[in-house]
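What follows is one structure encoded as structure tokens, with my remarks underneath.
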Amino acid sequence: ILAADRADTPATTVRRDLTATIPPTPTLQPRCTVPDWFPELHREARAALADARERVDAQVADEARIDQRIEQVDEHLDAIAPICAPYDRAIARANADLDTARQRRGAAERDLATSKRRHRRAARHQIALATEQVATATAHLDEVTGQAQPHLDTRSRLRSERHDLRRQATTDRQLYRAFFGHHDRLHAAERSVDALDTWWNWAVGRNISTDQLHDAITTLHKKGRHEYAALAEPLLDWMDQRGIATPHHGLDPAVPRLEPPGLDIGL
């Protein structure tokens with residue numbers, strides 16, 4: 001343009017000439033009359049989608065909170081493990097000493113029961129020594145356990161919490177999802193809104209891919225409501241007239257295609 005036009009041509013004239021060379025936007029030719037109840041149906045579907053998405057978001061947030069808490073509890077248990085380890089070993093040794101002392105007392109009591117009269121005094125002495133050893137070992141175990149108790153209680157509480165959280169993250173989560181089905185409702189709501197959007201774009205004359213039309217028809221029929229099935233009818237007829245394959249095999253046989261109104265009312 002700059003090479004061919006005169007240099008003194010006003011800019012407004014150049015813009016006007018260029019605008020005249022741009023082809024006008026083609027006017028859409030409606031393919032079907034949009035029912036007056038369609039906006040309300042569309043609004044209802046969008047509201048159901050928003051509600052389903054909100055419920056799924058809340059569920060996902062709750063699950064993420066549980067998973068995060070499990071990680072925190074695991075970190076706390078890892079941090080307290082080196083603190084509890086010496087107490088665990090000390091308690092294990094104290095328990096072993098107590099078991100040994102009890103075994104000695106039991107052996108001394110058996111010796112007393114089977115010993116002759118002249119040996120009973122020595123057997124009673126052994127029982128007294130063994131009983132004293134049991135008392136000493138018991139006191140030592142109580143002392144070690146008392147020193148370790150705050151740390152052991154903390155570990156026990158964390159382990160119990162982790163057990164409950166892991167149950168919530170596995171079994172309870174699966175049961176909750178199966179019972180409430182928020183994710184399934186969200187997918188169904190998304191398909192409904194997509195089907196209504198596709199149908200409206202088709203009705204006002206926009207170009208829609210065959211795959212989108214097939215998805216819309218299948219979803220509209222599977223909704224099982226008269227309004228949705230009524231929307232699918234003109235779309236099916238339009239595709240049949242143009243020789244476009246329709247997904248009749250994927251439609252629910254319990255939802256028959258609507259016939260045009262006539263004298264036969266099915267009595």
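The way I read the labels, and the way they are meant: chains A, B, ... in the order of the structure tokens, residue 1 as the first residue of every chain, and ligand 1 as the first ligand shown, with later ones counted on from there.
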Which residues of region 28-128 of chain A come within 7 Å of region 158-166 of chain A, and what is each one's closest atom pair and distance in Å (one decimal), counting only C-alpha atoms, sorted by chain and residue number, as JSON lines?
{"residue": "A:Ile66", "atom": "CA", "partner": "A:Leu165", "partner_atom": "CA", "distance": 6.5}
{"residue": "A:Ile70", "atom": "CA", "partner": "A:Arg162", "partner_atom": "CA", "distance": 6.1}
{"residue": "A:Val73", "atom": "CA", "partner": "A:Leu158", "partner_atom": "CA", "distance": 6.3}
{"residue": "A:Leu77", "atom": "CA", "partner": "A:Leu158", "partner_atom": "CA", "distance": 6.9}
Which is closer to Tyr228 (chain A) than all the others in A:Thr100, A:Thr145, A:Ser156, A:Ser192, using only C-alpha atoms?
A:Ser192
Between CA of Gln212 (chain A) and CA of Thr246 (chain A) lies a distance of 11.4 Å
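Atom pair CA of Gln68 (chain A) / CA of His187 (chain A): separated by 26.4 Å.
If only C-alpha atoms are the atoms counted, then among A:Leu231, A:Gly243, A:Thr198, A:Gln126 the closest residue to Arg110 (chain A) is A:Gln126.
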